[in-house]
Every structure is written in C-alpha cells, then in structure tokens.
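What follows is the content of target-v6.cif (mmCIF, C-alpha atoms).
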```cif
data_data
loop_
_atom_site.label_atom_id
_atom_site.label_comp_id
_atom_site.auth_asym_id
_atom_site.auth_seq_id
_atom_site.Cartn_x
_atom_site.Cartn_y
_atom_site.Cartn_z
CA MET A 1 13.34 14.13 -6.26
CA ASN A 2 16.64 12.39 -5.51
CA VAL A 3 16.07 9.07 -3.74
CA GLU A 4 18.66 6.34 -3.25
CA PRO A 5 17.64 3.24 -5.22
CA TYR A 6 15.23 1.04 -3.29
CA SER A 7 15.65 2.94 -0.03
CA LEU A 8 12.38 4.35 1.18
CA GLY A 9 11.57 7.93 2.03
CA THR A 10 8.38 8.74 3.88
CA ASN A 11 6.51 11.72 5.27
CA ASP A 12 6.07 12.28 9.00
CA GLU A 13 2.67 10.57 8.93
CA HIS A 14 4.02 7.51 7.10
CA THR A 15 1.24 7.73 4.53
CA ILE A 16 3.39 8.58 1.50
CA TYR A 17 6.51 6.66 0.48
CA VAL A 18 8.92 7.25 -2.38
CA PHE A 19 11.73 5.13 -3.77
CA THR A 20 13.67 4.85 -7.00
CA SER A 21 13.30 1.96 -9.39
CA SER A 22 16.55 1.23 -11.17
CA GLY A 23 16.76 -0.76 -14.41
CA PRO A 24 17.30 -0.70 -18.16
CA LYS A 25 15.06 2.35 -18.51
CA GLY A 26 17.06 4.27 -15.96
CA GLU A 27 16.02 5.51 -12.56
CA ILE A 28 12.33 6.12 -12.08
CA VAL A 29 10.95 7.56 -8.87
CA LYS A 30 7.91 5.68 -7.69
CA GLY A 31 5.50 6.45 -4.91
CA VAL A 32 3.05 4.65 -2.66
CA ALA A 33 0.18 6.49 -1.01
CA TYR A 34 -2.13 5.29 1.73
CA SER A 35 -5.40 7.21 1.36
CA LEU A 36 -8.26 7.14 3.83
CA ILE A 37 -11.29 5.17 2.69
CA GLU A 38 -13.30 4.81 5.88
CA ASP A 39 -12.62 6.74 9.05
CA GLU A 40 -14.91 4.53 11.10
CA THR A 41 -12.91 1.39 10.40
CA ASP A 42 -9.56 3.02 9.56
CA THR A 43 -9.40 1.43 6.16
CA TYR A 44 -6.83 2.83 3.74
CA ASN A 45 -6.33 2.41 0.02
CA LEU A 46 -2.86 1.45 -1.16
CA GLY A 47 -1.94 3.19 -4.41
CA LEU A 48 1.29 2.74 -6.38
CA GLY A 49 2.47 4.89 -9.25
CA ASP A 50 5.26 6.89 -10.84
CA TRP A 51 6.09 10.06 -8.96
CA LYS A 52 6.15 13.06 -11.29
CA ASP A 53 6.17 16.64 -10.08
CA GLY A 54 4.42 15.81 -6.85
CA LYS A 55 1.80 13.65 -8.53
CA LEU A 56 1.39 9.90 -8.67
CA ASP A 57 0.54 8.35 -11.99
CA ASP A 58 -0.66 4.76 -11.92
CA LYS A 59 -1.44 4.64 -15.65
CA SER A 60 2.17 4.35 -16.78
CA ARG A 61 3.78 0.97 -17.49
CA THR A 62 7.40 1.33 -16.48
CA ASN A 63 8.69 -2.14 -17.45
CA ASN A 64 12.01 -1.38 -15.77
CA GLY A 65 12.82 -5.04 -15.24
CA ASP A 66 12.61 -4.86 -11.46
CA VAL A 67 8.99 -5.69 -10.73
CA ASP A 68 9.89 -8.16 -7.97
CA LYS A 69 12.01 -5.56 -6.16
CA VAL A 70 9.32 -2.93 -6.60
CA LEU A 71 6.65 -5.18 -5.12
CA LEU A 72 8.90 -6.12 -2.21
CA ILE A 73 9.42 -2.43 -1.51
CA VAL A 74 5.67 -1.88 -1.65
CA ALA A 75 5.29 -4.74 0.84
CA GLU A 76 7.81 -2.97 3.08
CA THR A 77 5.67 0.19 2.98
CA ALA A 78 2.67 -1.89 4.06
CA ARG A 79 4.69 -3.42 6.88
CA ASP A 80 5.83 0.03 8.01
CA PHE A 81 2.35 1.53 7.73
CA LEU A 82 0.80 -1.27 9.80
CA GLN A 83 3.57 -0.96 12.39
CA MET A 84 2.85 2.76 12.63
CA TYR A 85 -0.91 2.21 12.79
CA PRO A 86 -1.49 -1.27 14.20
CA THR A 87 -5.29 -1.25 13.92
CA TYR A 88 -5.48 0.07 10.38
CA LYS A 89 -6.46 -1.99 7.37
CA ILE A 90 -5.05 -1.76 3.89
CA THR A 91 -7.12 -2.47 0.81
CA PHE A 92 -5.93 -2.59 -2.77
CA LYS A 93 -6.63 -3.91 -6.22
CA GLY A 94 -4.75 -3.67 -9.49
CA ASN A 95 -5.92 -0.95 -11.84
CA THR A 96 -5.60 -3.43 -14.71
CA TYR A 97 -6.25 -7.15 -14.79
CA PRO A 98 -2.58 -8.06 -15.43
CA LYS A 99 -1.48 -5.97 -12.43
CA HIS A 100 -4.26 -7.39 -10.28
CA ARG A 101 -3.24 -10.91 -11.27
CA LEU A 102 0.41 -10.10 -10.55
CA TYR A 103 -0.47 -8.94 -7.02
CA ARG A 104 -2.39 -12.17 -6.50
CA ARG A 105 0.59 -14.26 -7.64
CA LYS A 106 2.97 -12.40 -5.35
CA ILE A 107 0.68 -12.68 -2.34
CA SER A 108 0.38 -16.40 -3.07
CA VAL A 109 4.16 -16.85 -3.19
CA TYR A 110 4.63 -15.22 0.22
CA LEU A 111 1.29 -16.23 1.72
CA GLU A 112 2.60 -18.41 4.53
CA GLU A 113 5.08 -15.72 5.59
CA ILE A 114 2.44 -13.00 5.35
CA LYS A 115 -0.09 -15.01 7.35
CA GLU A 116 2.32 -15.29 10.27
CA GLU A 117 1.79 -11.61 11.01
CA TYR A 118 -1.24 -10.47 9.05
CA LYS A 119 -4.83 -11.32 8.26
CA VAL A 120 -5.38 -11.45 4.52
CA VAL A 121 -8.86 -11.56 3.04
CA GLY A 122 -10.22 -11.20 -0.46
CA TRP A 123 -13.62 -10.21 -1.82
CA LYS A 124 -15.16 -13.00 -3.84
CA ASP A 125 -18.74 -14.02 -4.63
CA ASN A 126 -20.08 -11.07 -2.63
CA LYS A 127 -18.28 -11.90 0.58
CA TRP A 128 -14.91 -11.58 2.30
CA CYS A 129 -13.01 -14.84 2.32
CA ASP A 130 -9.74 -15.87 3.91
CA TYR A 131 -7.16 -15.54 1.18
CA GLU A 132 -6.28 -18.76 -0.61
CA SER A 133 -3.48 -19.10 -3.11
CA ASP A 134 -4.29 -18.87 -6.79
CA THR A 135 -7.85 -17.74 -6.25
CA ASP A 136 -9.23 -14.69 -8.01
CA TYR A 137 -10.48 -11.93 -5.77
CA GLU A 138 -11.99 -8.60 -6.71
CA ARG A 139 -10.21 -6.74 -3.90
CA TYR A 140 -7.69 -7.52 -1.19
CA LEU A 141 -7.59 -6.45 2.43
CA ILE A 142 -4.68 -6.84 4.86
CA ALA A 143 -4.55 -6.10 8.58
CA ASN A 144 -2.40 -6.96 11.56
CA LYS A 145 -3.36 -10.09 13.43
CA MET B 1 16.55 12.87 8.31
CA LYS B 2 16.04 10.09 10.81
CA THR B 3 15.69 6.37 10.33
CA THR B 4 12.56 4.88 11.77
CA LYS B 5 12.66 1.77 13.90
CA ASN B 6 11.11 -1.13 12.09
CA LYS B 7 11.56 -4.83 11.52
CA SER B 8 11.98 -4.50 7.76
CA ARG B 9 15.15 -5.04 5.78
CA THR B 10 14.72 -1.76 3.93
CA SER B 11 15.88 1.47 5.51
CA ILE B 12 13.07 3.97 5.81
CA LYS B 13 13.94 7.59 6.30
CA THR B 14 11.66 10.51 6.89
CA ASN B 15 11.73 12.93 4.00
CA LYS B 16 10.40 16.29 5.14
CA SER B 17 9.80 17.42 1.58
CA LEU B 18 6.95 14.92 1.39
CA ASN B 19 5.09 16.60 4.25
CA LYS B 20 3.60 19.18 1.92
CA TYR B 21 1.58 16.48 0.16
CA SER B 22 -1.58 14.84 1.42
CA SER B 23 -1.90 11.13 0.78
CA ASP B 24 -5.63 11.66 0.39
CA SER B 25 -5.02 13.79 -2.70
CA PHE B 26 -3.61 10.90 -4.75
CA PHE B 27 -5.54 8.36 -6.82
CA LYS B 28 -8.83 10.10 -6.16
CA ASP B 29 -10.74 7.97 -8.65
CA LYS B 30 -9.48 4.73 -7.09
CA VAL B 31 -10.14 6.03 -3.61
CA GLU B 32 -13.67 7.04 -4.55
CA GLU B 33 -14.24 3.61 -6.08
CA ALA B 34 -13.01 1.98 -2.88
CA LYS B 35 -15.21 4.27 -0.77
CA GLN B 36 -18.26 3.20 -2.75
CA PHE B 37 -17.24 -0.42 -2.36
CA PHE B 38 -16.93 -0.16 1.41
CA LYS B 39 -20.21 1.72 1.68
CA LYS B 40 -21.88 -1.19 -0.04
CA TYR B 41 -19.97 -4.04 1.57
CA GLU B 42 -18.99 -4.09 5.22
CA LEU B 43 -15.72 -5.34 6.56
CA PRO B 44 -15.72 -8.77 8.19
CA SER B 45 -16.71 -8.33 11.84
CA HIS B 46 -13.33 -9.50 13.16
CA LEU B 47 -11.66 -6.67 11.24
CA LYS B 48 -14.02 -3.87 12.20
CA LYS B 49 -12.73 -2.91 15.62
CA THR B 50 -10.44 0.11 15.68
CA THR B 51 -8.95 2.14 18.50
CA HIS B 52 -5.78 3.69 17.11
CA LYS B 53 -6.02 7.22 15.79
CA ARG B 54 -3.97 8.67 12.99
CA VAL B 55 -0.99 10.75 14.06
CA LYS B 56 -1.12 14.18 12.54
CA ALA B 57 2.04 15.70 11.14
CA ALA B 58 3.54 18.52 13.15
#
```
Go ahead and express the file in the form of structure tokens.
Amino acid sequence: MNVEPYSLGTNDEHTIYVFTSSGPKGEIVKGVAYSLIEDETDTYNLGLGDWKDGKLDDKSRTNNGDVDKVLLIVAETARDFLQMYPTYKITFKGNTYPKHRLYRRKISVYLEEIKEEYKVVGWKDNKWCDYESDTDYERYLIANK
Amino acid sequence: MKTTKNKSRTSIKTNKSLNKYSSDSFFKDKVEEAKQFFKKYELPSHLKKTTHKRVKAA
C-alpha cells in the first residue's frame, strides 16, 4: 500500500488508519485499528502495528527512529476517531512493558494539553483513577469531555 | 479521495481500499483480553453514558 509519509489514510468508518513510517530502515506502513470492545458503552480498543498484506502485526519491533512521530500520528487517529464518534471511549495498553511504559511517558508529557479536551483515566489498584503523570496503570481509557 | 474536516495538523484522507477490512478483525487476542477486562470491571459511571451510534460504511 502506497501511503505518503505521516499522512493518514482511513476507511469510511474511520476505524482503520494507515500511514508510513520513514526512517533508517526505510518506509514501513503502519496501521491503527479501533475494535469494538463493548457495544453497550461504545468502548473501543486501540491497536497499533505494522501493516502487511492486509494484516496488522503488533509483535514486530520496527526501531525506525521515529517513535515520537509515530505516537503523534497515533494520537491524531484518536483525535479523529473521537471527533467522528464523540461519545466513544478508547482503551489501550502496551503489548509489552517497554511499550506500555513508553505510552505512559508520552501521555505524561502531553497530559495538560490532553486534559483540555479529554478525560483520561487509568486502571490501578482495582479501580479507575484520574490519570496522573508518572504513575503506572494497567490500562488506559480516553474519552471526550 | 476526500480530506475530512478535523482540527488536527495531519491531513486525513479517506482510502477506499481500506473499506474491505473490518477493524474488529485485527488484534483479536488483545480485543478478547480487553473484553474480558471490561466484563469484570465496569467503566466509571461518568463515562458510561452513550448515545452516538456507529456510522456504517456505505
């Protein structure tokens, strides 16, 4: 799939997004999918992976030197998804501890900006808590305010 | 292709070739894990309310 670097392509439903990571390892098409978790509460899982032959692989470690850009693009997909579906919620967690910790660090960096528009909560000690910087959570949840 | 209206700095274009895929078909193990999680633990009450329904692709 030919996608201009860092520009986003999406399906009509705005539930699948693709973009191209560009770095020392070349151009790698990546994808983000929002998959239904709970119809009753409109909660969706955010998944990120490498797009290969119509499949998304989240096991690969690309290390293409552009992780900040990639995560900003993922944030843009979340922004677009929540604009399209204002009452939906997005949940996610890293599939490895380093990735999970990375997500936490990035949320912490942009927390004040994020909180202007979104509610951010994390699951910790068997309850949902308002997100606080540099705190470990098992799972994250983001929704429009 | 058309560009959607949004407040982001990144241009987002519809890509019709993606319409043949279902987002629910990806990351099935992670989705199942999340489903089990949300069966066990409810959302905070202030996040439960929902009124907006998903737009189906033409």
Enumerate as a PDB file with C-alpha atoms, keeping the file's coordinate frame the residues belonging to chain A that approach chain B to within 7 Å, with only C-alpha atoms taken into account.
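File produced: out.pdb:
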```
ATOM      1  CA  SER A   7      15.650   2.940  -0.030  1.00  0.00           C
ATOM      2  CA  LEU A   8      12.380   4.350   1.180  1.00  0.00           C
ATOM      3  CA  GLY A   9      11.570   7.930   2.030  1.00  0.00           C
ATOM      4  CA  THR A  10       8.380   8.740   3.880  1.00  0.00           C
ATOM      5  CA  ASN A  11       6.510  11.720   5.270  1.00  0.00           C
ATOM      6  CA  ASP A  12       6.070  12.280   9.000  1.00  0.00           C
ATOM      7  CA  GLU A  13       2.670  10.570   8.930  1.00  0.00           C
ATOM      8  CA  THR A  15       1.240   7.730   4.530  1.00  0.00           C
ATOM      9  CA  ILE A  16       3.390   8.580   1.500  1.00  0.00           C
ATOM     10  CA  ALA A  33       0.180   6.490  -1.010  1.00  0.00           C
ATOM     11  CA  TYR A  34      -2.130   5.290   1.730  1.00  0.00           C
ATOM     12  CA  SER A  35      -5.400   7.210   1.360  1.00  0.00           C
ATOM     13  CA  LEU A  36      -8.260   7.140   3.830  1.00  0.00           C
ATOM     14  CA  ILE A  37     -11.290   5.170   2.690  1.00  0.00           C
ATOM     15  CA  GLU A  38     -13.300   4.810   5.880  1.00  0.00           C
ATOM     16  CA  THR A  41     -12.910   1.390  10.400  1.00  0.00           C
ATOM     17  CA  ASP A  42      -9.560   3.020   9.560  1.00  0.00           C
ATOM     18  CA  ASN A  45      -6.330   2.410   0.020  1.00  0.00           C
ATOM     19  CA  GLY A  47      -1.940   3.190  -4.410  1.00  0.00           C
ATOM     20  CA  LEU A  56       1.390   9.900  -8.670  1.00  0.00           C
ATOM     21  CA  GLU A  76       7.810  -2.970   3.080  1.00  0.00           C
ATOM     22  CA  ASP A  80       5.830   0.030   8.010  1.00  0.00           C
ATOM     23  CA  TYR A  85      -0.910   2.210  12.790  1.00  0.00           C
ATOM     24  CA  THR A  87      -5.290  -1.250  13.920  1.00  0.00           C
ATOM     25  CA  TRP A 128     -14.910 -11.580   2.300  1.00  0.00           C
TER      26      TRP A 128
END
```
Tell me, in Å to one decimal, how far CA of Thr20 in chain A is from CA of Tyr6 in chain A.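 Value for the CA of Thr20 in chain A-CA of Tyr6 in chain A distance: 5.5 Å.
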For Thr62 in chain A, list every protein, DNA or RNA residue within 9 Å, evaluated using all atoms listed in the file, and leave out those in the same chain fewer than 6 positions away; present the list as a PyMOL selection string. chain A and resi 25+28+50
In Å, with one decimal, what is the gap from CA of Leu141 in chain A to CA of Val121 in chain A? 5.3 Å
Neighbours of Lys52 in chain A within 9 Å (only C-alpha atoms; same-chain residues fewer than 2 positions away dropped), as a PDB file with C-alpha atoms, keeping the file's coordinate frame?
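The result, stored in selection-v9.pdb:
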```pdb
ATOM      1  CA  MET A   1      13.340  14.130  -6.260  1.00  0.00           C
ATOM      2  CA  VAL A  29      10.950   7.560  -8.870  1.00  0.00           C
ATOM      3  CA  LYS A  30       7.910   5.680  -7.690  1.00  0.00           C
ATOM      4  CA  ASP A  50       5.260   6.890 -10.840  1.00  0.00           C
ATOM      5  CA  GLY A  54       4.420  15.810  -6.850  1.00  0.00           C
ATOM      6  CA  LYS A  55       1.800  13.650  -8.530  1.00  0.00           C
ATOM      7  CA  LEU A  56       1.390   9.900  -8.670  1.00  0.00           C
ATOM      8  CA  ASP A  57       0.540   8.350 -11.990  1.00  0.00           C
TER       9      ASP A  57
END
```
In Å, rounded to a single decimal, give me how far CA of Tyr97 in chain A is from CA of Gly26 in chain A.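 Computing it gives 26.0 Å between the two atoms.
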Put a box with edges along x, y and z around all the listed atoms of range 7-24 of chain B, pad it by 3 Å on each side, then give me its centre and sizes in Å, one decimal, as lines of an AutoDock Vina configuration file.
```
center_x = 5.1
center_y = 7.1
center_z = 5.8
size_x = 27.5
size_y = 30.2
size_z = 17.4
```
Write out as an MDAnalysis selection string the residues lying within 10 Å of Val109 in chain A, counting all atoms listed in the file and excluding same-chain residues fewer than 6 positions away. chainID A and resid 103 133:134
Any chance you could resolve the PyMOL selection byres ((chain A and resi 69) around 12) against this file and give the residues as a list in words? Pro5, Tyr6, Ser7, Phe19, Thr20, Ser21, Ser22, Gly23, Asn64, Gly65, Asp66, Val67, Asp68, Val70, Leu71, Leu72, Ile73, Val74, Ala75, Glu76 and Lys106 of chain A; Thr10 of chain B
Can those selected residues be exported to a file as a PDB file, in the coordinates of the input so that it contains C-alpha atoms?
```
ATOM      1  CA  PRO A   5      17.640   3.240  -5.220  1.00  0.00           C
ATOM      2  CA  TYR A   6      15.230   1.040  -3.290  1.00  0.00           C
ATOM      3  CA  SER A   7      15.650   2.940  -0.030  1.00  0.00           C
ATOM      4  CA  PHE A  19      11.730   5.130  -3.770  1.00  0.00           C
ATOM      5  CA  THR A  20      13.670   4.850  -7.000  1.00  0.00           C
ATOM      6  CA  SER A  21      13.300   1.960  -9.390  1.00  0.00           C
ATOM      7  CA  SER A  22      16.550   1.230 -11.170  1.00  0.00           C
ATOM      8  CA  GLY A  23      16.760  -0.760 -14.410  1.00  0.00           C
ATOM      9  CA  ASN A  64      12.010  -1.380 -15.770  1.00  0.00           C
ATOM     10  CA  GLY A  65      12.820  -5.040 -15.240  1.00  0.00           C
ATOM     11  CA  ASP A  66      12.610  -4.860 -11.460  1.00  0.00           C
ATOM     12  CA  VAL A  67       8.990  -5.690 -10.730  1.00  0.00           C
ATOM     13  CA  ASP A  68       9.890  -8.160  -7.970  1.00  0.00           C
ATOM     14  CA  VAL A  70       9.320  -2.930  -6.600  1.00  0.00           C
ATOM     15  CA  LEU A  71       6.650  -5.180  -5.120  1.00  0.00           C
ATOM     16  CA  LEU A  72       8.900  -6.120  -2.210  1.00  0.00           C
ATOM     17  CA  ILE A  73       9.420  -2.430  -1.510  1.00  0.00           C
ATOM     18  CA  VAL A  74       5.670  -1.880  -1.650  1.00  0.00           C
ATOM     19  CA  ALA A  75       5.290  -4.740   0.840  1.00  0.00           C
ATOM     20  CA  GLU A  76       7.810  -2.970   3.080  1.00  0.00           C
ATOM     21  CA  LYS A 106       2.970 -12.400  -5.350  1.00  0.00           C
TER      22      LYS A 106
ATOM     23  CA  THR B  10      14.720  -1.760   3.930  1.00  0.00           C
TER      24      THR B  10
END
```
As a check of understanding, name the residues that the PyMOL selection byres ((chain A and resi 117) around 10) selects in the supplied structure, as JSON, numbers by chain. {"A": [79, 112, 113, 114, 115, 116, 118, 119, 120, 143, 144, 145]}
Out of A:Trp51, A:Asn63, A:Pro86, A:Glu40, which residue has the shortest atom-to-atom distance to Pro24 in chain A when counting all atoms listed in the file?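 Among the listed residues, the smallest separation from Pro24 in chain A belongs to A:Asn63.
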Take range 105-140 of chain A, model N, CA and C atoms, and hand the result over as an mmCIF file, in the frame of the given file.
```cif
data_model
loop_
_atom_site.group_PDB
_atom_site.id
_atom_site.type_symbol
_atom_site.label_atom_id
_atom_site.label_comp_id
_atom_site.auth_asym_id
_atom_site.auth_seq_id
_atom_site.Cartn_x
_atom_site.Cartn_y
_atom_site.Cartn_z
ATOM 1 N N ARG A 105 -0.504 -13.269 -7.568
ATOM 2 C CA ARG A 105 0.590 -14.260 -7.640
ATOM 3 C C ARG A 105 1.620 -14.001 -6.544
ATOM 4 N N LYS A 106 1.941 -12.730 -6.345
ATOM 5 C CA LYS A 106 2.970 -12.400 -5.350
ATOM 6 C C LYS A 106 2.487 -12.683 -3.930
ATOM 7 N N ILE A 107 1.231 -12.372 -3.669
ATOM 8 C CA ILE A 107 0.680 -12.680 -2.340
ATOM 9 C C ILE A 107 0.735 -14.194 -2.132
ATOM 10 N N SER A 108 0.396 -14.930 -3.178
ATOM 11 C CA SER A 108 0.380 -16.400 -3.070
ATOM 12 C C SER A 108 1.763 -16.945 -2.760
ATOM 13 N N VAL A 109 2.790 -16.383 -3.398
ATOM 14 C CA VAL A 109 4.160 -16.850 -3.190
ATOM 15 C C VAL A 109 4.573 -16.679 -1.721
ATOM 16 N N TYR A 110 4.186 -15.532 -1.148
ATOM 17 C CA TYR A 110 4.630 -15.220 0.220
ATOM 18 C C TYR A 110 3.530 -15.436 1.254
ATOM 19 N N LEU A 111 2.470 -16.146 0.867
ATOM 20 C CA LEU A 111 1.290 -16.230 1.720
ATOM 21 C C LEU A 111 1.587 -16.750 3.130
ATOM 22 N N GLU A 112 2.348 -17.826 3.207
ATOM 23 C CA GLU A 112 2.600 -18.410 4.530
ATOM 24 C C GLU A 112 3.336 -17.420 5.431
ATOM 25 N N GLU A 113 4.325 -16.733 4.837
ATOM 26 C CA GLU A 113 5.080 -15.720 5.590
ATOM 27 C C GLU A 113 4.178 -14.561 6.004
ATOM 28 N N ILE A 114 3.338 -14.131 5.082
ATOM 29 C CA ILE A 114 2.440 -13.000 5.350
ATOM 30 C C ILE A 114 1.458 -13.363 6.471
ATOM 31 N N LYS A 115 0.936 -14.590 6.395
ATOM 32 C CA LYS A 115 -0.090 -15.010 7.350
ATOM 33 C C LYS A 115 0.438 -15.139 8.779
ATOM 34 N N GLU A 116 1.763 -15.224 8.929
ATOM 35 C CA GLU A 116 2.320 -15.290 10.270
ATOM 36 C C GLU A 116 2.032 -14.013 11.056
ATOM 37 N N GLU A 117 1.967 -12.892 10.340
ATOM 38 C CA GLU A 117 1.790 -11.610 11.010
ATOM 39 C C GLU A 117 0.484 -10.895 10.686
ATOM 40 N N TYR A 118 -0.104 -11.256 9.536
ATOM 41 C CA TYR A 118 -1.240 -10.470 9.050
ATOM 42 C C TYR A 118 -2.440 -11.351 8.707
ATOM 43 N N LYS A 119 -3.621 -10.696 8.791
ATOM 44 C CA LYS A 119 -4.830 -11.320 8.260
ATOM 45 C C LYS A 119 -4.948 -10.878 6.806
ATOM 46 N N VAL A 120 -5.216 -11.790 5.938
ATOM 47 C CA VAL A 120 -5.380 -11.450 4.520
ATOM 48 C C VAL A 120 -6.729 -11.995 4.062
ATOM 49 N N VAL A 121 -7.571 -11.108 3.556
ATOM 50 C CA VAL A 121 -8.860 -11.560 3.040
ATOM 51 C C VAL A 121 -9.057 -10.993 1.641
ATOM 52 N N GLY A 122 -9.904 -11.655 0.891
ATOM 53 C CA GLY A 122 -10.220 -11.200 -0.460
ATOM 54 C C GLY A 122 -11.719 -11.195 -0.667
ATOM 55 N N TRP A 123 -12.185 -10.289 -1.541
ATOM 56 C CA TRP A 123 -13.620 -10.210 -1.820
ATOM 57 C C TRP A 123 -13.941 -11.098 -3.015
ATOM 58 N N LYS A 124 -14.817 -12.049 -2.778
ATOM 59 C CA LYS A 124 -15.160 -13.000 -3.840
ATOM 60 C C LYS A 124 -16.589 -13.481 -3.633
ATOM 61 N N ASP A 125 -17.348 -13.539 -4.694
ATOM 62 C CA ASP A 125 -18.740 -14.020 -4.630
ATOM 63 C C ASP A 125 -19.531 -13.275 -3.561
ATOM 64 N N ASN A 126 -19.335 -11.948 -3.540
ATOM 65 C CA ASN A 126 -20.080 -11.070 -2.630
ATOM 66 C C ASN A 126 -19.824 -11.321 -1.151
ATOM 67 N N LYS A 127 -18.634 -11.786 -0.838
ATOM 68 C CA LYS A 127 -18.280 -11.900 0.580
ATOM 69 C C LYS A 127 -16.760 -11.884 0.751
ATOM 70 N N TRP A 128 -16.330 -11.539 1.959
ATOM 71 C CA TRP A 128 -14.910 -11.580 2.300
ATOM 72 C C TRP A 128 -14.541 -13.012 2.641
ATOM 73 N N CYS A 129 -13.450 -13.468 2.072
ATOM 74 C CA CYS A 129 -13.010 -14.840 2.320
ATOM 75 C C CYS A 129 -11.550 -14.795 2.760
ATOM 76 N N ASP A 130 -11.166 -15.739 3.608
ATOM 77 C CA ASP A 130 -9.740 -15.870 3.910
ATOM 78 C C ASP A 130 -9.001 -16.138 2.603
ATOM 79 N N TYR A 131 -7.890 -15.448 2.439
ATOM 80 C CA TYR A 131 -7.160 -15.540 1.180
ATOM 81 C C TYR A 131 -6.626 -16.950 0.964
ATOM 82 N N GLU A 132 -6.859 -17.468 -0.221
ATOM 83 C CA GLU A 132 -6.280 -18.760 -0.610
ATOM 84 C C GLU A 132 -5.474 -18.562 -1.883
ATOM 85 N N SER A 133 -4.364 -19.256 -1.959
ATOM 86 C CA SER A 133 -3.480 -19.100 -3.110
ATOM 87 C C SER A 133 -4.213 -19.378 -4.415
ATOM 88 N N ASP A 134 -3.818 -18.631 -5.417
ATOM 89 C CA ASP A 134 -4.290 -18.870 -6.790
ATOM 90 C C ASP A 134 -5.802 -18.826 -6.927
ATOM 91 N N THR A 135 -6.412 -17.976 -6.129
ATOM 92 C CA THR A 135 -7.850 -17.740 -6.250
ATOM 93 C C THR A 135 -8.049 -16.288 -6.646
ATOM 94 N N ASP A 136 -8.974 -16.068 -7.570
ATOM 95 C CA ASP A 136 -9.230 -14.690 -8.010
ATOM 96 C C ASP A 136 -10.104 -13.958 -6.999
ATOM 97 N N TYR A 137 -9.680 -12.780 -6.641
ATOM 98 C CA TYR A 137 -10.480 -11.930 -5.770
ATOM 99 C C TYR A 137 -10.637 -10.559 -6.439
ATOM 100 N N GLU A 138 -11.744 -9.918 -6.130
ATOM 101 C CA GLU A 138 -11.990 -8.600 -6.710
ATOM 102 C C GLU A 138 -11.145 -7.527 -6.018
ATOM 103 N N ARG A 139 -10.925 -7.731 -4.720
ATOM 104 C CA ARG A 139 -10.210 -6.740 -3.900
ATOM 105 C C ARG A 139 -9.533 -7.462 -2.747
ATOM 106 N N TYR A 140 -8.420 -6.912 -2.310
ATOM 107 C CA TYR A 140 -7.690 -7.520 -1.190
ATOM 108 C C TYR A 140 -7.743 -6.608 0.025
#
```
